[in-house]
Amino acid sequence: MRPRAAGRGHDGGVTPPVRDRSADVLLSDGTTVHLRQIRPEDAAGIVAMHSRFSERTRYLRYFSPYPRIPERDLRRFVNVDHLAREAFVVEAGERILAVGRYERLGPEAVDAEVAFVVEDAYQGRGIGSVLLEHLAAAAREAGLRRFVAEVLPENSAMLRVFADAGYQVQRQYADGVVHLTFPIALTEQSLEVQWRREQRAEARSIARLLSPRGVAVYGASASGHGVGAAILGHLRDGGFTGAIHPIHPRARLVGGLPALRSARLAEGIDLAVVAVRPEEVPGVVDDAAAAGVHGLVVVSAGFAEAGTEAGAAAERELTRAAHAAGMRVVGPNCLGVANTNEGVRLNATLAPRLPLPGRAGFFSQSGALGVALLAEADRRGLGLSSFVSAGNRADVSGNDLLQYWEDDPATDVILLYLETFGNPRKFARLARRIGRTKPIVAVASPARPAGLPGLSRSRSLRSLGGPDGRRDPASSLRSSDRILPATGPDREGVAALFAHAGVIRVDTVAELFDVGVLLAHQPLPAGRRVGIVGNSTALTRLAMAACADGGLAVAEGYPRDVPPQAGAHDFGDVLAEAATDPGVDALVVVVAPPVPGQLSDEDADFATALASVALAGDKPAVATSLVDKMPAGVAAYPSVEEAVRALARVCGYADWLRRPPGTVPEVITVDSFDVLTAYGIEVAPSLPAESAAEAVTASDRLGYPVALKSAGEALRHRLDLGAVRLSLPDESAVGRAYAEMAELFGPGVLVQAMVPPGVACVVELTEDPAFGPVVGFGLGGVATELLGDRVWRPAPLTDRDAAAMVDEPRAAPLLRGYRGAAPVDREALAQLLIRVGRLADERPEVRELRLNPVLARPDGLSVLHAEVVLGPPAVRPETAPRHL
């Protein structure tokens, strides 16, 4: 790609403030680099980078030998306006190793030429694709629509960067050069490419943490006391297959191992465990960076968790320095990491022994609970493939581990203990994808924040409806000291959102292991029909009640009560029959102790009988035994209720797997100052009135008959209180109704033309802390609001999402023709939900929305009232260029 001739940049008038676009990014091999906008003081670094280029790299970039950068070109390269001309550099530490730029092709052009070059030593590591993503994002914000580029035919690597980016690239060959043109708008294909690259890079970065060739331990005392010495001992005693190097300033021997003054004195150290005082951490980072370490596990505390600005600043600096050196950070204030693979046997944790090998990957945000969590997993016989405790989660998060475990052949089940979400939209996206092949079980708080910070309180409540029935921006945006009442999923709604994403959300750590044990050792059920087998009528009746509470159906012919005096052989025969019964999808087994002395030891061996069925069949079995400890592989629980609850959670996940994911339909939008109108959402016009005369005037303009509604938000739908008067046919009726309402509820009313009657519904949109924008649907009315009869889905909605939402509320039979009423047009409701979902996904400045009421009828629907909360655009990092 040849350089453009020097000249004046585009004069766009007043220069807007330069937005900081710096980001730490992962390369394809899992190392980190820093990307930022170019600065005039980068001139020396650009020259130094240019001097390291091979002759071939110079020729492919500049179409000529270009042995040195002329002073005039250099000044132009490092001085850009960050609008018509933008440039990014990629650096490792203080060394610039790549530069990319675009330049608008004329003052009013929507095209820009793009070009970038990467130092030879860093080529082939994905820097070009990262630069292209960030340049395209900046160009889109500057109003540009297309990139053009000129590439020599022999520059196959650069041609692949453009061809593989997911854009629709047009090629022309002329004058010995390939001319490329492509639109830079985000598409599903370009996002999919970006996400695939993100997954590979993040997975590789975690793989290097969990399978190191060698480990350095900083902070292990020669006396054997303290956190560092404990971790060193656990590494040593756990049988780590690589080299272990204690780093100590004076001692020759630490924990029975030769100590080094610096990690630079050894080769092949991929992981550093840091257990020094917080003020010593920067020096450790420098030493590890100089040794070529790939990742840090910072057990040291005293950072952001201390609640001080100094601690938070120290944590930010730790992360910055590590990323500048190409390293990932687990922690600080974490428990550590573990990998049970026989070829690794890494126990870099505070837990005294390595977890049992198994097929479950376990991520814990809590460092304090980590040891207890590992001990509980061990007690329950839940083997782990790998374990990561993230502590303050300054860098490595649960999302990183999801990316790693997705393709990890040693992991079949993913367990998460989460306290907060760093990137909730990304979590939901990953969960929906990964959950299709590997179940995810999460302990996560369902709490929602009390309000949405950053919203404009003085101009946030927008009632749509202009004074003449048209919506115009001046009259429809009203000043208000209120925001919409807090809306969003309650505890049940949050659980439904997790279930929709394929995540099995549980309330306690005990449930986490209950479900994990079942998933790790048993097949998934084909349905919800449960065969109950037991030798105690009381226990089988408990199981029946638990199944009813969990939404499970007791199969026909069950429970099957085995006589208390029956031995293990007879019990096993009944179990085997149930396991092969085509009318049974899962088994619940309850075993009470026999009368002492009634059975021989062989006849009392219920554990063996149960194991022979539970481990050999293709149906999941959960057991509660008051007799024996169950053998490994049998999903055993101390109570019937816990066993059935775990089974119900897994059945819900299996149901989700059987449902096709659906597709997100396209919604045709138009340019409009009204965000609802742009998405085809029409709101019936209404006019405000503060007196009887104004109410009559408004009625004349809208046309009779009309409805009067109290302007008070809590009263606007209370027909039962007289705050709504319908079908007023003329001026006198309007006057009388206004007088009565003003006396009861105050002077403010809304006047609206009558529409045909229908079933009142409510459609809502809000930002959820775990899933970002979510859409809610329910039927209107005080009773349904009191009961919280709402269903929620993350935006955007698929066609199947929308159809399911219409049918899920408990009051949904009213939409299908309850007690002889005509069924409403449920497809119209589904289409409305799809449009709201698209709006939520594409308009991050819309922070809350409520359509209430929506009158659904057999021939369609009418939206009578809409309120929108506008605020600073919500962060949507999943559509931004890749960054950490």
# chains A, B, ... in the order shown; residues from 1 in each chain; ligands from 1
$ select_by_dssp --residues "segment 604-668 of chain A" --states "helix (DSSP H, G or I)" --output "MDAnalysis selection string"
chainID A and resid 606:614 640:658
$ residues_around --residues "segment 793-797 of chain A" --least-positions-apart "2" --cutoff "8 Å" --atoms "only C-alpha atoms" --output "list in words"
Leu497, His500, Val664, Phe771, Gly772, Pro773, Val774, Val775, Gly776, Val791, Asp799, Arg800, Asp801, Ala802, Met805, Leu833, Ile834, Gly837, Arg838, Ala840 and Asp841 of chain A
